$ cat protein16.cif   # mmCIF, C-alpha atoms and all ligand atoms
data_entry
loop_
_atom_site.label_atom_id
_atom_site.label_comp_id
_atom_site.auth_asym_id
_atom_site.auth_seq_id
_atom_site.Cartn_x
_atom_site.Cartn_y
_atom_site.Cartn_z
CA MET Y 223 115.77 83.87 91.35
CA ALA Y 224 114.59 81.50 88.66
CA ASP Y 225 111.46 83.50 88.14
CA GLN Y 226 113.09 86.78 87.12
CA PHE Y 227 110.82 88.62 84.75
CA THR Y 228 112.52 89.62 81.50
CA TRP Y 229 111.07 92.26 79.20
CA THR Y 230 111.16 90.97 75.64
CA LEU Y 231 109.76 92.33 72.39
CA GLN Y 232 106.56 90.30 72.73
CA TYR Y 233 105.61 92.72 75.53
CA SER Y 234 106.10 95.79 73.39
CA VAL Y 235 103.07 97.95 72.69
CA HIS Y 236 105.26 99.93 70.26
CA LEU Y 237 104.77 103.13 72.23
CA GLU Y 238 108.01 104.28 73.79
CA GLU Y 239 106.55 106.00 76.83
CA ILE Y 240 104.44 102.98 77.79
CA ASP Y 241 107.17 100.43 77.01
CA GLU Y 242 109.61 102.35 79.24
CA GLN Y 243 107.08 102.33 82.08
CA HIS Y 244 106.46 98.61 81.62
CA LYS Y 245 110.20 97.94 81.76
CA ARG Y 246 110.44 99.86 85.02
CA PHE Y 247 107.46 97.87 86.33
CA PHE Y 248 109.30 94.62 85.48
CA GLN Y 249 112.36 95.86 87.40
CA LEU Y 250 110.25 96.56 90.45
CA ILE Y 251 108.69 93.08 90.28
CA ASN Y 252 112.20 91.63 90.01
CA ALA Y 253 113.17 93.58 93.11
CA VAL Y 254 110.49 91.57 94.92
CA TYR Y 255 111.96 88.31 93.57
CA ASP Y 256 115.43 89.50 94.65
CA LEU Y 257 114.25 89.60 98.26
CA LEU Y 258 113.75 85.83 98.08
CA LEU Y 259 117.52 85.38 97.65
CA LYS Y 260 118.05 86.70 101.14
CA LYS Y 261 118.08 84.31 104.05
CA VAL Y 262 116.64 86.96 106.28
CA ILE Y 263 114.28 89.54 104.83
CA GLU Y 264 114.31 92.74 106.85
CA PRO Y 265 110.77 94.07 107.42
CA GLU Y 266 111.83 97.57 106.35
CA ALA Y 267 113.33 96.26 103.10
CA LEU Y 268 110.12 94.42 102.33
CA LEU Y 269 107.95 97.48 103.01
CA ILE Y 270 110.15 99.65 100.78
CA VAL Y 271 110.03 97.20 97.87
CA ILE Y 272 106.24 96.74 98.09
CA THR Y 273 105.66 100.47 98.45
CA HIS Y 274 107.77 101.19 95.36
CA LEU Y 275 105.88 98.59 93.34
CA GLY Y 276 102.49 99.87 94.50
CA ASP Y 277 103.37 103.54 93.95
CA TYR Y 278 104.69 102.84 90.49
CA ALA Y 279 101.56 100.87 89.61
CA TYR Y 280 99.40 103.87 90.58
CA TYR Y 281 101.60 106.19 88.52
CA HIS Y 282 101.69 103.93 85.46
CA PHE Y 283 97.95 103.19 85.50
CA ALA Y 284 97.24 106.89 85.80
CA THR Y 285 99.29 107.47 82.63
CA GLU Y 286 97.21 104.97 80.69
CA GLU Y 287 93.90 106.08 82.18
CA GLY Y 288 94.74 109.69 81.34
CA TYR Y 289 95.07 108.76 77.68
CA PHE Y 290 91.85 106.72 77.84
CA LYS Y 291 90.02 109.79 78.98
CA ILE Y 292 91.50 112.11 76.37
CA PHE Y 293 90.90 109.60 73.55
CA GLN Y 294 87.52 108.38 74.90
CA TYR Y 295 88.77 104.83 74.67
CA LYS Y 296 85.82 102.43 74.31
CA ASN Y 297 87.36 99.70 76.47
CA THR Y 298 88.09 102.04 79.40
CA ASP Y 299 85.83 100.33 81.95
CA ALA Y 300 87.08 96.79 81.45
CA HIS Y 301 90.69 97.97 81.34
CA THR Y 302 90.39 100.15 84.42
CA GLN Y 303 88.76 97.27 86.31
CA GLU Y 304 91.92 95.23 85.78
CA HIS Y 305 93.99 98.12 87.11
CA ASP Y 306 91.65 98.26 90.11
CA VAL Y 307 92.35 94.60 90.87
CA PHE Y 308 96.08 95.33 90.99
CA ARG Y 309 95.65 98.50 93.04
CA ALA Y 310 93.54 96.60 95.59
CA LYS Y 311 96.09 93.77 95.79
CA ALA Y 312 98.93 96.27 96.25
CA ARG Y 313 97.10 97.78 99.22
CA GLU Y 314 96.33 94.33 100.62
CA PHE Y 315 99.96 93.18 100.31
CA LEU Y 316 101.20 96.30 102.07
CA GLU Y 317 98.76 95.72 104.94
CA ARG Y 318 99.81 92.09 105.25
CA ALA Y 319 103.50 93.03 105.18
CA ARG Y 320 102.89 95.52 107.99
CA ARG Y 321 101.23 92.81 110.09
CA LEU Y 322 103.94 90.13 109.68
CA LYS Y 323 105.39 90.88 113.11
CA GLY Y 324 108.30 88.49 113.25
CA THR Y 325 106.86 85.71 111.11
CA ASP Y 326 108.85 84.59 108.06
CA PRO Y 327 108.08 86.97 105.15
CA HIS Y 328 109.23 84.53 102.42
CA PRO Y 329 105.79 83.03 101.60
CA LEU Y 330 104.20 86.48 101.33
CA VAL Y 331 107.08 87.78 99.20
CA LEU Y 332 106.74 84.84 96.79
CA GLU Y 333 102.98 85.37 96.62
CA ILE Y 334 103.44 89.07 95.80
CA ALA Y 335 106.09 88.45 93.13
CA ASP Y 336 104.13 85.67 91.43
CA PHE Y 337 100.87 87.62 91.55
CA ALA Y 338 102.49 90.75 90.09
CA LYS Y 339 104.28 88.81 87.37
CA GLU Y 340 101.24 86.82 86.29
CA TRP Y 341 98.96 89.84 86.40
CA MET Y 342 101.40 91.94 84.39
CA GLU Y 343 102.07 89.29 81.76
CA HIS Y 344 98.38 88.79 81.08
CA HIS Y 345 97.55 92.47 81.32
CA ILE Y 346 100.13 93.65 78.78
CA LEU Y 347 99.59 90.82 76.32
CA VAL Y 348 95.80 91.06 76.38
CA GLU Y 349 94.53 94.44 77.65
CA ASP Y 350 97.36 96.82 76.83
CA LYS Y 351 97.76 95.45 73.30
CA LYS Y 352 94.13 96.45 72.62
CA TYR Y 353 94.75 100.19 72.96
CA MET Y 354 97.89 100.12 70.83
CA PRO Y 355 96.24 101.03 67.47
CA LEU Y 356 94.21 103.88 68.99
CA PHE Y 357 97.16 105.38 70.88
CA LYS Y 358 99.31 105.14 67.74
CA ALA Y 359 96.62 106.75 65.60
CA ARG Y 360 96.29 109.58 68.12
CA GLY Y 361 100.00 110.33 67.98
CA VAL Y 362 101.38 108.75 71.15
CA ARG Y 363 104.97 107.79 70.44
FE FE O 1 97.00 98.80 81.52
#

$ encode --input "protein16.cif" --output "structure tokens" --more "lines below"
Ligand SMILES: [Fe+2]
Amino acid sequence: MADQFTWTLQYSVHLEEIDEQHKRFFQLINAVYDLLLKKVIEPEALLIVITHLGDYAYYHFATEEGYFKIFQYKNTDAHTQEHDVFRAKAREFLERARRLKGTDPHPLVLEIADFAKEWMEHHILVEDKKYMPLFKARGVR
């Protein structure tokens, strides 16, 4: 799909653990775009892809929020609120995918992929970059 999401150095927060998680996140978003290449999207395939994306988001956000707590990061509330927006959307998308019942999933799949990509792009470049100096100073590699 034209909109495949490529991890490039501009997205790096120069912390290996976080960069690796972000790369995995990109792959899972691309798996949503990949569904759009199919003429027929099987409901089970859609549920699996959305569940993986949502589960990974919870896991990745928990990693960051764990560090925020340990380091008493001053921007925790604003940052966590952005995570909350994504977590809520992930739940909403899963609900909507479950209720499709025979209607064409393509519009929903495109909405999910574009939402996730745009959210992630902004979130890394703006919010995640802000914790970079603190995490580095506290010894995260
Ligand atoms: Fe984050």

$ residues_near_ligand --input "protein16.cif" --ligand "ligand FE 1 (chain O)" --cutoff "10 Å" --atoms "all atoms listed in the file" --output "ChimeraX atom specification"
/Y:240,244,279,282-287,298,301-305,342,345-353

$ residues_around --input "protein16.cif" --residues "Leu316 of chain Y" --least-positions-apart "3" --cutoff "10 Å" --atoms "all atoms listed in the file" --output "PDB file with C-alpha atoms, in the frame of the given file"
ATOM      1  CA  LEU Y 268     110.120  94.420 102.330  1.00  0.00           C
ATOM      2  CA  LEU Y 269     107.950  97.480 103.010  1.00  0.00           C
ATOM      3  CA  ILE Y 270     110.150  99.650 100.780  1.00  0.00           C
ATOM      4  CA  VAL Y 271     110.030  97.200  97.870  1.00  0.00           C
ATOM      5  CA  ILE Y 272     106.240  96.740  98.090  1.00  0.00           C
ATOM      6  CA  THR Y 273     105.660 100.470  98.450  1.00  0.00           C
ATOM      7  CA  GLY Y 276     102.490  99.870  94.500  1.00  0.00           C
ATOM      8  CA  LYS Y 311      96.090  93.770  95.790  1.00  0.00           C
ATOM      9  CA  ALA Y 312      98.930  96.270  96.250  1.00  0.00           C
ATOM     10  CA  ARG Y 313      97.100  97.780  99.220  1.00  0.00           C
ATOM     11  CA  ALA Y 319     103.500  93.030 105.180  1.00  0.00           C
ATOM     12  CA  ARG Y 320     102.890  95.520 107.990  1.00  0.00           C
ATOM     13  CA  ARG Y 321     101.230  92.810 110.090  1.00  0.00           C
ATOM     14  CA  ILE Y 334     103.440  89.070  95.800  1.00  0.00           C
TER      15      ILE Y 334
END

$ residues_around --input "protein16.cif" --residues "Asp241 of chain Y" --least-positions-apart "4" --cutoff "12 Å" --atoms "only C-alpha atoms" --output "VMD selection string"
chain Y and resid 229 to 237 245 to 248 282 285 to 286 346 350 to 351 354 362 to 363

$ write_last_selection --input "protein16.cif" --atoms "C-alpha atoms" --output "PDB file, in the coordinates of the input"
ATOM      1  CA  TRP Y 229     111.070  92.260  79.200  1.00  0.00           C
ATOM      2  CA  THR Y 230     111.160  90.970  75.640  1.00  0.00           C
ATOM      3  CA  LEU Y 231     109.760  92.330  72.390  1.00  0.00           C
ATOM      4  CA  GLN Y 232     106.560  90.300  72.730  1.00  0.00           C
ATOM      5  CA  TYR Y 233     105.610  92.720  75.530  1.00  0.00           C
ATOM      6  CA  SER Y 234     106.100  95.790  73.390  1.00  0.00           C
ATOM      7  CA  VAL Y 235     103.070  97.950  72.690  1.00  0.00           C
ATOM      8  CA  HIS Y 236     105.260  99.930  70.260  1.00  0.00           C
ATOM      9  CA  LEU Y 237     104.770 103.130  72.230  1.00  0.00           C
ATOM     10  CA  LYS Y 245     110.200  97.940  81.760  1.00  0.00           C
ATOM     11  CA  ARG Y 246     110.440  99.860  85.020  1.00  0.00           C
ATOM     12  CA  PHE Y 247     107.460  97.870  86.330  1.00  0.00           C
ATOM     13  CA  PHE Y 248     109.300  94.620  85.480  1.00  0.00           C
ATOM     14  CA  HIS Y 282     101.690 103.930  85.460  1.00  0.00           C
ATOM     15  CA  THR Y 285      99.290 107.470  82.630  1.00  0.00           C
ATOM     16  CA  GLU Y 286      97.210 104.970  80.690  1.00  0.00           C
ATOM     17  CA  ILE Y 346     100.130  93.650  78.780  1.00  0.00           C
ATOM     18  CA  ASP Y 350      97.360  96.820  76.830  1.00  0.00           C
ATOM     19  CA  LYS Y 351      97.760  95.450  73.300  1.00  0.00           C
ATOM     20  CA  MET Y 354      97.890 100.120  70.830  1.00  0.00           C
ATOM     21  CA  VAL Y 362     101.380 108.750  71.150  1.00  0.00           C
ATOM     22  CA  ARG Y 363     104.970 107.790  70.440  1.00  0.00           C
TER      23      ARG Y 363
END

$ closest_residue --input "protein16.cif" --among "Y:Arg309, Y:Ala359, Y:Glu314, Y:His344" --to "Tyr281 of chain Y" --atoms "only C-alpha atoms"
Y:Arg309

$ closest_residue --input "protein16.cif" --among "Y:Glu340, Y:Lys323, Y:Leu250, Y:Leu330" --to "Leu275 of chain Y" --atoms "all atoms listed in the file"
Y:Leu250

$ atom_distance --input "protein16.cif" --atom1 "atom CA of Glu238 of chain Y" --atom2 "atom CA of Phe357 of chain Y"
11.3 Å

$ build_atoms --input "protein16.cif" --residues "segment 320-331 of chain Y" --atoms "all heavy atoms" --output "PDB file, in the frame of the given file"
ATOM      1  N   ARG Y 320     102.806  94.749 106.733  1.00  0.00           N
ATOM      2  CA  ARG Y 320     102.890  95.520 107.990  1.00  0.00           C
ATOM      3  C   ARG Y 320     102.530  94.654 109.192  1.00  0.00           C
ATOM      4  O   ARG Y 320     102.951  94.932 110.303  1.00  0.00           O
ATOM      5  CB  ARG Y 320     101.942  96.715 107.941  1.00  0.00           C
ATOM      6  CG  ARG Y 320     102.455  97.872 107.115  1.00  0.00           C
ATOM      7  CD  ARG Y 320     101.530  99.062 107.279  1.00  0.00           C
ATOM      8  NE  ARG Y 320     101.968 100.180 106.482  1.00  0.00           N
ATOM      9  CZ  ARG Y 320     101.191 100.816 105.580  1.00  0.00           C
ATOM     10  NH1 ARG Y 320      99.927 100.442 105.397  1.00  0.00           N
ATOM     11  NH2 ARG Y 320     101.659 101.826 104.901  1.00  0.00           N
ATOM     12  N   ARG Y 321     101.693  93.645 108.979  1.00  0.00           N
ATOM     13  CA  ARG Y 321     101.230  92.810 110.090  1.00  0.00           C
ATOM     14  C   ARG Y 321     102.059  91.557 110.309  1.00  0.00           C
ATOM     15  O   ARG Y 321     101.692  90.725 111.127  1.00  0.00           O
ATOM     16  CB  ARG Y 321      99.765  92.394 109.833  1.00  0.00           C
ATOM     17  CG  ARG Y 321      98.749  93.512 110.043  1.00  0.00           C
ATOM     18  CD  ARG Y 321      97.353  92.960 110.216  1.00  0.00           C
ATOM     19  NE  ARG Y 321      96.989  92.074 109.112  1.00  0.00           N
ATOM     20  CZ  ARG Y 321      96.201  92.436 108.089  1.00  0.00           C
ATOM     21  NH1 ARG Y 321      95.670  93.629 108.065  1.00  0.00           N
ATOM     22  NH2 ARG Y 321      95.936  91.591 107.111  1.00  0.00           N
ATOM     23  N   LEU Y 322     103.163  91.379 109.584  1.00  0.00           N
ATOM     24  CA  LEU Y 322     103.940  90.130 109.680  1.00  0.00           C
ATOM     25  C   LEU Y 322     104.464  89.871 111.093  1.00  0.00           C
ATOM     26  O   LEU Y 322     104.489  88.739 111.555  1.00  0.00           O
ATOM     27  CB  LEU Y 322     105.112  90.157 108.698  1.00  0.00           C
ATOM     28  CG  LEU Y 322     104.793  89.751 107.255  1.00  0.00           C
ATOM     29  CD1 LEU Y 322     105.989  90.033 106.366  1.00  0.00           C
ATOM     30  CD2 LEU Y 322     104.403  88.278 107.161  1.00  0.00           C
ATOM     31  N   LYS Y 323     104.921  90.923 111.721  1.00  0.00           N
ATOM     32  CA  LYS Y 323     105.390  90.880 113.110  1.00  0.00           C
ATOM     33  C   LYS Y 323     106.214  89.639 113.477  1.00  0.00           C
ATOM     34  O   LYS Y 323     105.790  88.790 114.251  1.00  0.00           O
ATOM     35  CB  LYS Y 323     104.189  90.941 114.072  1.00  0.00           C
ATOM     36  CG  LYS Y 323     103.298  92.152 113.818  1.00  0.00           C
ATOM     37  CD  LYS Y 323     103.082  92.943 115.097  1.00  0.00           C
ATOM     38  CE  LYS Y 323     102.041  94.026 114.956  1.00  0.00           C
ATOM     39  NZ  LYS Y 323     102.495  95.172 114.164  1.00  0.00           N
ATOM     40  N   GLY Y 324     107.380  89.543 112.846  1.00  0.00           N
ATOM     41  CA  GLY Y 324     108.300  88.490 113.250  1.00  0.00           C
ATOM     42  C   GLY Y 324     108.102  87.148 112.557  1.00  0.00           C
ATOM     43  O   GLY Y 324     108.951  86.277 112.671  1.00  0.00           O
ATOM     44  N   THR Y 325     107.000  86.969 111.840  1.00  0.00           N
ATOM     45  CA  THR Y 325     106.860  85.710 111.110  1.00  0.00           C
ATOM     46  C   THR Y 325     107.646  85.796 109.797  1.00  0.00           C
ATOM     47  O   THR Y 325     107.891  86.890 109.287  1.00  0.00           O
ATOM     48  CB  THR Y 325     105.387  85.365 110.801  1.00  0.00           C
ATOM     49  OG1 THR Y 325     104.789  86.450 110.104  1.00  0.00           O
ATOM     50  CG2 THR Y 325     104.606  85.088 112.077  1.00  0.00           C
ATOM     51  N   ASP Y 326     108.015  84.639 109.260  1.00  0.00           N
ATOM     52  CA  ASP Y 326     108.850  84.590 108.060  1.00  0.00           C
ATOM     53  C   ASP Y 326     108.135  85.226 106.860  1.00  0.00           C
ATOM     54  O   ASP Y 326     107.067  84.765 106.462  1.00  0.00           O
ATOM     55  CB  ASP Y 326     109.203  83.132 107.759  1.00  0.00           C
ATOM     56  CG  ASP Y 326     110.048  82.998 106.494  1.00  0.00           C
ATOM     57  OD1 ASP Y 326     110.661  84.009 106.073  1.00  0.00           O
ATOM     58  OD2 ASP Y 326     110.081  81.894 105.929  1.00  0.00           O
ATOM     59  N   PRO Y 327     108.734  86.278 106.285  1.00  0.00           N
ATOM     60  CA  PRO Y 327     108.080  86.970 105.150  1.00  0.00           C
ATOM     61  C   PRO Y 327     108.154  86.212 103.824  1.00  0.00           C
ATOM     62  O   PRO Y 327     107.460  86.581 102.880  1.00  0.00           O
ATOM     63  CB  PRO Y 327     108.851  88.279 105.030  1.00  0.00           C
ATOM     64  CG  PRO Y 327     109.840  88.298 106.118  1.00  0.00           C
ATOM     65  CD  PRO Y 327     109.981  86.933 106.659  1.00  0.00           C
ATOM     66  N   HIS Y 328     108.998  85.171 103.717  1.00  0.00           N
ATOM     67  CA  HIS Y 328     109.230  84.530 102.420  1.00  0.00           C
ATOM     68  C   HIS Y 328     107.948  84.098 101.683  1.00  0.00           C
ATOM     69  O   HIS Y 328     107.816  84.381 100.496  1.00  0.00           O
ATOM     70  CB  HIS Y 328     110.207  83.356 102.548  1.00  0.00           C
ATOM     71  CG  HIS Y 328     111.630  83.780 102.675  1.00  0.00           C
ATOM     72  ND1 HIS Y 328     112.183  84.149 103.881  1.00  0.00           N
ATOM     73  CD2 HIS Y 328     112.610  83.937 101.736  1.00  0.00           C
ATOM     74  CE1 HIS Y 328     113.454  84.494 103.691  1.00  0.00           C
ATOM     75  NE2 HIS Y 328     113.737  84.377 102.407  1.00  0.00           N
ATOM     76  N   PRO Y 329     107.000  83.431 102.350  1.00  0.00           N
ATOM     77  CA  PRO Y 329     105.790  83.030 101.600  1.00  0.00           C
ATOM     78  C   PRO Y 329     105.018  84.218 101.041  1.00  0.00           C
ATOM     79  O   PRO Y 329     104.541  84.172  99.902  1.00  0.00           O
ATOM     80  CB  PRO Y 329     104.950  82.278 102.655  1.00  0.00           C
ATOM     81  CG  PRO Y 329     105.924  81.854 103.704  1.00  0.00           C
ATOM     82  CD  PRO Y 329     106.976  82.910 103.727  1.00  0.00           C
ATOM     83  N   LEU Y 330     104.905  85.287 101.813  1.00  0.00           N
ATOM     84  CA  LEU Y 330     104.200  86.480 101.330  1.00  0.00           C
ATOM     85  C   LEU Y 330     104.947  87.105 100.151  1.00  0.00           C
ATOM     86  O   LEU Y 330     104.338  87.518  99.159  1.00  0.00           O
ATOM     87  CB  LEU Y 330     104.023  87.500 102.465  1.00  0.00           C
ATOM     88  CG  LEU Y 330     103.389  88.832 102.044  1.00  0.00           C
ATOM     89  CD1 LEU Y 330     101.969  88.637 101.502  1.00  0.00           C
ATOM     90  CD2 LEU Y 330     103.375  89.822 103.228  1.00  0.00           C
ATOM     91  N   VAL Y 331     106.271  87.173 100.271  1.00  0.00           N
ATOM     92  CA  VAL Y 331     107.080  87.780  99.200  1.00  0.00           C
ATOM     93  C   VAL Y 331     106.905  86.990  97.897  1.00  0.00           C
ATOM     94  O   VAL Y 331     106.712  87.575  96.820  1.00  0.00           O
ATOM     95  CB  VAL Y 331     108.570  87.848  99.607  1.00  0.00           C
ATOM     96  CG1 VAL Y 331     109.436  88.325  98.435  1.00  0.00           C
ATOM     97  CG2 VAL Y 331     108.749  88.777 100.805  1.00  0.00           C
TER      98      VAL Y 331
END
